[in-house]
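Please read the structure below before turning to the comments.
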Amino acid sequence: MRTIDWVPADGPGPGHIRMVDQTRLPDTFAELRISTVDQLVDAIQRLSVRGAPALGVAGAMGVALAVQTLPTDEVRTAVDRLRAARPTAANLALGVDLAWAQAQRGGGSAALDAALAMRDEDIAGCRAMAARGAELLSQLLPDRPRLRVLTICNTGALAAVEHGTALSVIERLHDEGRLDRALVCETRPLLQGARLTAWELSRMGARYELIVDSAAASIMAGGGVDAVLVGADRIAANGDTANKIGTFALALAAAHAGVPFLVVAPETTVDTATASGADIEIEDRGADEVRAFRGVPTAPADAPVRNPAFDVTPAALITAIVTDRRVVDLTAHQTPAGRSVNVGPSLNEEEA
Ligand code: MRU
């Protein structure tokens, strides 16, 4: 299954984007046909397509759509709207920028070539992260033949193209017979863990337990977790990492329990132009999705709400960042107590 792909036109004329509609999972598996930039911006904002790597590919394919379907004087505005559809994931703006640069040189077909290259690199990159992450866990936990790993949100195939990031490491552990179980945080308010990650793990035949988000700290403190694996939406130059709201709390709990905390993300999520987490824009998704779920009220209709979709985990709480090219060991820069020290390593440096 590909979460997102480009479908060429039967004859002359533009193709379209085909994507899984993630808002309808797990009850209904349905696909969307996206043939305009307006439809794509709506799909991104409604989270029909979501997860940083998938957003990168969507953004690049959206530029191809824009160039192929819109009058020349409307393309630039459409590309800007696409780029701004969601602010936190680095990949969306990067995908748009890469495809737009190609479009200016070679038009719609060049933009599409860039998007397809990004799609293919995502598939290969996720395989590389799976292997590297599983290997790192063997090194970190040599005396644990079967691991209990905790994760949040959805970092699987649904968040990328064919394979995921953190969840692809868990899939690799399962394939190798090294997974005791995955503990999956529900991930309020939109339940990406319960709806999407649980769905993916079921399809894999992997053993998992779904937990309410607030159970994670006590399960970790009680010795029930060997490692925490999360994805990333944007990684600043000092290693501070924005990811789904609740990730920071997991990192604090992991530090308290002495559990390794790994971020698994492609290089395309590393934003060396952003110095630290303080400079990362956090998307606010408004009140509606906290006051109700799929139309069913979960709070008074007029309850005041604060709904940041992401938080920033300081580099000091991260054991390592695993990318498609390297492992960045952050522990070398932390105090023995794992507390914050202001010396996050530069992600410009290649792994030694
Ligand atoms: O709001 P979402 O569902 O797009 O948030 C997704 C996450 O926070 C993921 O952990 C992150 O994008 C990495 S996906 C491989």
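In the structure tokens, chains take the letters A, B, ... in the order shown, each chain's residues start at 1, and ligands count up from 1 in the order shown.
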
Original post:
If you count only C-alpha atoms, which residues fall within 10 Å of stretch 218-220 of chain A, apart from same-chain ones fewer than 4 positions away, as a ChimeraX atom specification?
Top reply: /A:150,183,211,214,224-228,250,253-259

**OP:** Kindly work out which residues sit at most 9 Å from ligand 1, using only C-alpha atoms and all ligand atoms, and give the list as a PyMOL selection string.
**Re:** chain A and resi 44+47+49-55+86+88-89+91+152-160+164-167+190-192+230-234+242-245+247+264-266+269+283+309-310

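Checking A:Ala221, A:Ala101, A:Ala58, A:Val41 one by one against A:Ala78, counting only C-alpha atoms, you find the shortest gap at A:Val41.
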
Original post:
Skipping near chain neighbours, those fewer than 2 positions away, what residues fall within 12 Å of A:Leu65 using only C-alpha atoms, listed as a ChimeraX atom specification?
Top reply: /A:6-9,13-17,34-41,58-63,67-71,75,78-79,82,96,99-100,103,107-112,115

Original post:
Would you give me, as a list in words, the residues in stretch 246-349 of chain A that DSSP reads as alpha helix (DSSP H)?
Top reply: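 Result set for stretch 246-349 of chain A (alpha helix (DSSP H)): Thr247, Phe248, Ala249, Leu250, Ala251, Leu252, Ala253, Ala254, Ala255, His256, Ala257, Asp288, Glu289, Val290 and Arg291 of chain A.
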
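Nearest to A:Ala273 of all the residues A:Ala130, A:Leu137, A:Ala90, A:Ala124 is A:Ala90, counting only C-alpha atoms.
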
Subject >> Counting only C-alpha atoms, the residue of A:Ala315, A:Ala93, A:Met129, A:Leu98 that sits nearest A:Asp329 >> reply: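 Among the listed residues, the smallest separation from A:Asp329 belongs to A:Ala315.
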
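The space between atom CA of A:Ser48 and atom CA of A:Leu196 spans 11.7 Å.
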
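Listed by chain and then by rising number, the residues of stretch 22-242 of chain A that DSSP assigns to strand (DSSP E) from the backbone are Glu31, Leu32, Arg33, Ile34, Leu147, Arg148, Val149, Leu150, Thr151, Leu179, Asp180, Arg181, Ala182, Leu183, Val184, Cys185, Tyr208, Glu209, Leu210, Ile211, Ala227, Val228, Leu229, Val230, Arg234, Ile235, Ala236, Thr241 and Ala242 of chain A.
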
Print the selection's residues with C-alpha atoms to a file, as a compact mmCIF listing (two decimals), in the first residue's frame.
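Everything below was put into result.txt:
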```txt
# COMPACT_ATOMS: atom_id res chain seq x y z
CA GLU A 31 -8.92 6.79 -1.04
CA LEU A 32 -9.15 10.36 -2.27
CA ARG A 33 -8.53 11.60 -5.78
CA ILE A 34 -6.92 15.04 -5.53
CA LEU A 147 11.60 -5.41 23.59
CA ARG A 148 8.63 -3.49 24.95
CA VAL A 149 8.61 -0.24 23.03
CA LEU A 150 6.34 2.72 23.56
CA THR A 151 5.30 5.10 20.82
CA LEU A 179 9.22 -7.35 19.63
CA ASP A 180 7.61 -8.28 22.91
CA ARG A 181 4.93 -5.64 22.38
CA ALA A 182 4.35 -2.09 21.28
CA LEU A 183 2.64 0.21 23.75
CA VAL A 184 0.65 2.70 21.72
CA CYS A 185 -0.45 6.03 23.18
CA TYR A 208 0.49 -4.27 20.90
CA GLU A 209 -1.43 -2.65 23.72
CA LEU A 210 -3.27 0.60 23.37
CA ILE A 211 -2.92 2.89 26.38
CA ALA A 227 12.60 2.07 24.89
CA VAL A 228 10.52 4.96 23.59
CA LEU A 229 10.48 5.51 19.83
CA VAL A 230 8.94 8.64 18.34
CA ARG A 234 10.99 19.38 12.77
CA ILE A 235 14.42 18.90 14.30
CA ALA A 236 16.31 22.09 15.08
CA THR A 241 12.65 18.09 18.33
CA ALA A 242 9.06 19.08 17.62
```

**OP:** Please identify all polymer residues within 10 Å of A:Ile318, counting only C-alpha atoms, omitting same-chain residues fewer than 4 positions from it, and present them as a PyMOL selection string.
**Re:** chain A and resi 228+239-241+248+251-252+254-255+260-263+313-314+328-331+334+338

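Between atom CA of A:Arg294 and atom CA of A:Gln22 lies a distance of 13.2 Å.
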